[in-house]
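**Q** Provided herewith is a single structure, encoded as structure tokens, for subsequent inquiry.
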Amino acid sequence: MAHASSVEIVEAFWTHVWNAHDPEKADDFVVEDFVITTGGERIEGRDDFKNWIRGFLDQVGDLRLEVIETFQNQDGSRVASRWRVHGRNNGVLGTEADGRPVSFTGTAIWAVREDGKLLHNWVERSGWELYQRLTASPAATD
């Protein structure tokens, strides 16, 4: 690949889209027919992906994505990234928007085109564990 490494591209995506809270910057990184598969759902198309990002940013106030580890395969066509999201509960996972601090981990696998554009993202996150923490009775969390 004759451009920045695929790791650099994915980490720039994290910075300029998620940490900057700017879904429109996805245009700089993903193809028009981009696909994200997450939580049993498949979102197809760049515009639908940007809408999905907006919705997620609305549910996790003050979102900050911390990269734990990112690496790529030999030809740069696949990138794996482990990360942690920090923020405030604004109704994530359908819970009451109570402003409590939230933190959860996830893993993303990316398909990267030869020119560095992102094609597909498969995401797994610790949503069940987060949901359990947010819906536990106060006595259970003491």
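In the structure tokens, each chain is lettered A, B, ... as it comes, each chain's residues begin at 1, and ligands are numbered from 1 in order of appearance.
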Using backbone DSSP assignments, extract all strand (DSSP E or B) residues from segment 49-129 of chain A; output them as a PyMOL selection string.
**A** chain A and resi 60-72+78-89+101-112+118-125
**Q** Among chain A, which ones does DSSP place in alpha helix (DSSP H), written as an mmCIF file with C-alpha atoms, in the first residue's frame?
**A**
```cif
data_model
loop_
_atom_site.group_PDB
_atom_site.id
_atom_site.type_symbol
_atom_site.label_atom_id
_atom_site.label_comp_id
_atom_site.auth_asym_id
_atom_site.auth_seq_id
_atom_site.Cartn_x
_atom_site.Cartn_y
_atom_site.Cartn_z
ATOM 1 C CA SER A 6 -3.774 0.852 7.583
ATOM 2 C CA VAL A 7 -3.258 1.195 11.337
ATOM 3 C CA GLU A 8 -2.651 4.937 10.894
ATOM 4 C CA ILE A 9 -5.801 5.235 8.784
ATOM 5 C CA VAL A 10 -7.993 3.474 11.350
ATOM 6 C CA GLU A 11 -6.534 5.452 14.240
ATOM 7 C CA ALA A 12 -7.056 8.695 12.291
ATOM 8 C CA PHE A 13 -10.677 7.617 11.795
ATOM 9 C CA ARG A 46 -21.981 5.893 4.136
ATOM 10 C CA ASP A 47 -24.968 8.157 4.852
ATOM 11 C CA ASP A 48 -26.696 5.531 7.006
ATOM 12 C CA PHE A 49 -23.381 4.926 8.779
ATOM 13 C CA LYS A 50 -23.045 8.645 9.561
ATOM 14 C CA ASN A 51 -26.610 8.667 10.913
ATOM 15 C CA TRP A 52 -25.747 5.658 13.077
ATOM 16 C CA ILE A 53 -22.687 7.522 14.408
ATOM 17 C CA ARG A 54 -24.844 10.561 15.237
ATOM 18 C CA GLY A 55 -27.276 8.371 17.144
ATOM 19 C CA PHE A 56 -24.508 6.708 19.108
ATOM 20 C CA LEU A 57 -22.908 10.060 19.956
ATOM 21 C CA ASP A 58 -26.323 11.232 21.199
ATOM 22 C CA GLN A 59 -26.533 8.207 23.522
ATOM 23 C CA GLY A 127 -22.787 -4.013 25.627
ATOM 24 C CA TRP A 128 -24.355 -6.677 27.832
ATOM 25 C CA GLU A 129 -21.986 -5.895 30.690
ATOM 26 C CA LEU A 130 -22.644 -2.161 30.301
ATOM 27 C CA TYR A 131 -26.405 -2.740 30.250
ATOM 28 C CA GLN A 132 -26.185 -4.820 33.438
ATOM 29 C CA ARG A 133 -24.253 -2.045 35.215
ATOM 30 C CA LEU A 134 -26.684 0.656 34.079
ATOM 31 C CA THR A 135 -29.815 -1.260 35.073
ATOM 32 C CA PRO A 138 -28.389 0.963 43.510
ATOM 33 C CA ALA A 139 -27.944 -1.576 46.324
ATOM 34 C CA ALA A 140 -26.363 -4.033 43.888
ATOM 35 C CA THR A 141 -23.724 -1.483 42.838
#
```
**Q** Which one of A:Gly94, A:Gly106, A:Gly39, A:Gly45 sits closest to Glu66 of chain A if you count only C-alpha atoms?
**A** A:Gly106
**Q** Can you work out which one of A:Thr15, A:Ser81, A:Asn89, A:Asn121 has the shortest atom-to-atom distance to Glu41 of chain A, counting only C-alpha atoms?
**A**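 Comparing A:Thr15, A:Ser81, A:Asn89, A:Asn121 against Glu41 of chain A, the winner is A:Asn121.
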**Q** What's the 8 Å shell around Gly91 of chain A, counting only C-alpha atoms, without same-chain residues fewer than 5 positions away, as a ChimeraX atom specification?
**A** /A:59-60,96-98
**Q** Can I get the selection written as a PDB file, in the first residue's frame, with all heavy atoms?
**A**
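So the final result, stored in out00.pdb, reads:
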```
ATOM      1  N   GLN A  59     -26.285   9.093  22.389  1.00  0.00           N
ATOM      2  CA  GLN A  59     -26.533   8.207  23.522  1.00  0.00           C
ATOM      3  C   GLN A  59     -25.383   8.171  24.525  1.00  0.00           C
ATOM      4  O   GLN A  59     -25.579   7.784  25.677  1.00  0.00           O
ATOM      5  CB  GLN A  59     -26.797   6.794  23.030  1.00  0.00           C
ATOM      6  CG  GLN A  59     -28.072   6.661  22.249  1.00  0.00           C
ATOM      7  CD  GLN A  59     -28.248   5.269  21.692  1.00  0.00           C
ATOM      8  OE1 GLN A  59     -27.562   4.325  22.071  1.00  0.00           O
ATOM      9  NE2 GLN A  59     -29.183   5.120  20.775  1.00  0.00           N
ATOM     10  N   VAL A  60     -24.181   8.527  24.089  1.00  0.00           N
ATOM     11  CA  VAL A  60     -23.012   8.550  24.971  1.00  0.00           C
ATOM     12  C   VAL A  60     -22.439   9.964  24.944  1.00  0.00           C
ATOM     13  O   VAL A  60     -21.673  10.322  24.053  1.00  0.00           O
ATOM     14  CB  VAL A  60     -21.939   7.520  24.541  1.00  0.00           C
ATOM     15  CG1 VAL A  60     -20.754   7.556  25.498  1.00  0.00           C
ATOM     16  CG2 VAL A  60     -22.525   6.118  24.481  1.00  0.00           C
ATOM     17  N   GLU A  96     -32.237   4.646  30.957  1.00  0.00           N
ATOM     18  CA  GLU A  96     -32.591   6.010  31.336  1.00  0.00           C
ATOM     19  C   GLU A  96     -31.359   6.908  31.219  1.00  0.00           C
ATOM     20  O   GLU A  96     -30.280   6.567  31.693  1.00  0.00           O
ATOM     21  CB  GLU A  96     -33.116   6.026  32.775  1.00  0.00           C
ATOM     22  CG  GLU A  96     -33.490   7.405  33.250  1.00  0.00           C
ATOM     23  CD  GLU A  96     -33.939   7.416  34.697  1.00  0.00           C
ATOM     24  OE1 GLU A  96     -34.259   6.343  35.237  1.00  0.00           O
ATOM     25  OE2 GLU A  96     -33.942   8.516  35.279  1.00  0.00           O
ATOM     26  N   ALA A  97     -31.530   8.053  30.599  1.00  0.00           N
ATOM     27  CA  ALA A  97     -30.427   9.007  30.433  1.00  0.00           C
ATOM     28  C   ALA A  97     -30.192   9.709  31.761  1.00  0.00           C
ATOM     29  O   ALA A  97     -30.848  10.694  32.082  1.00  0.00           O
ATOM     30  CB  ALA A  97     -30.768  10.014  29.343  1.00  0.00           C
ATOM     31  N   ASP A  98     -29.246   9.172  32.545  1.00  0.00           N
ATOM     32  CA  ASP A  98     -29.017   9.697  33.884  1.00  0.00           C
ATOM     33  C   ASP A  98     -27.679  10.425  34.042  1.00  0.00           C
ATOM     34  O   ASP A  98     -27.343  10.888  35.120  1.00  0.00           O
ATOM     35  CB  ASP A  98     -29.122   8.570  34.921  1.00  0.00           C
ATOM     36  CG  ASP A  98     -28.155   7.428  34.655  1.00  0.00           C
ATOM     37  OD1 ASP A  98     -27.218   7.599  33.853  1.00  0.00           O
ATOM     38  OD2 ASP A  98     -28.356   6.349  35.245  1.00  0.00           O
TER      39      ASP A  98
END
```
**Q** What is the atom CA of Ala136 of chain A-atom CA of Arg100 of chain A distance in Å, reported with one decimal?
**A** 12.8 Å
**Q** Mind pulling up the distance from atom CA of Arg64 of chain A to atom CA of Ala108 of chain A?
**A**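 Spanning atom CA of Ala108 of chain A to atom CA of Arg64 of chain A is a straight-line distance of 15.8 Å.
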**Q** At what distance in Å, to one decimal, does atom CA of Gly116 of chain A lie from atom CA of Asn73 of chain A?
**A**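 One can read the atom CA of Asn73 of chain A to atom CA of Gly116 of chain A distance as 13.7 Å.
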**Q** Point out the residue among A:Phe104, A:Gly40, A:Ala26, A:Ser5 with the least atom-to-atom distance to Val123 of chain A, counting only C-alpha atoms.
**A**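 Closest residue, counting only C-alpha atoms: A:Gly40.
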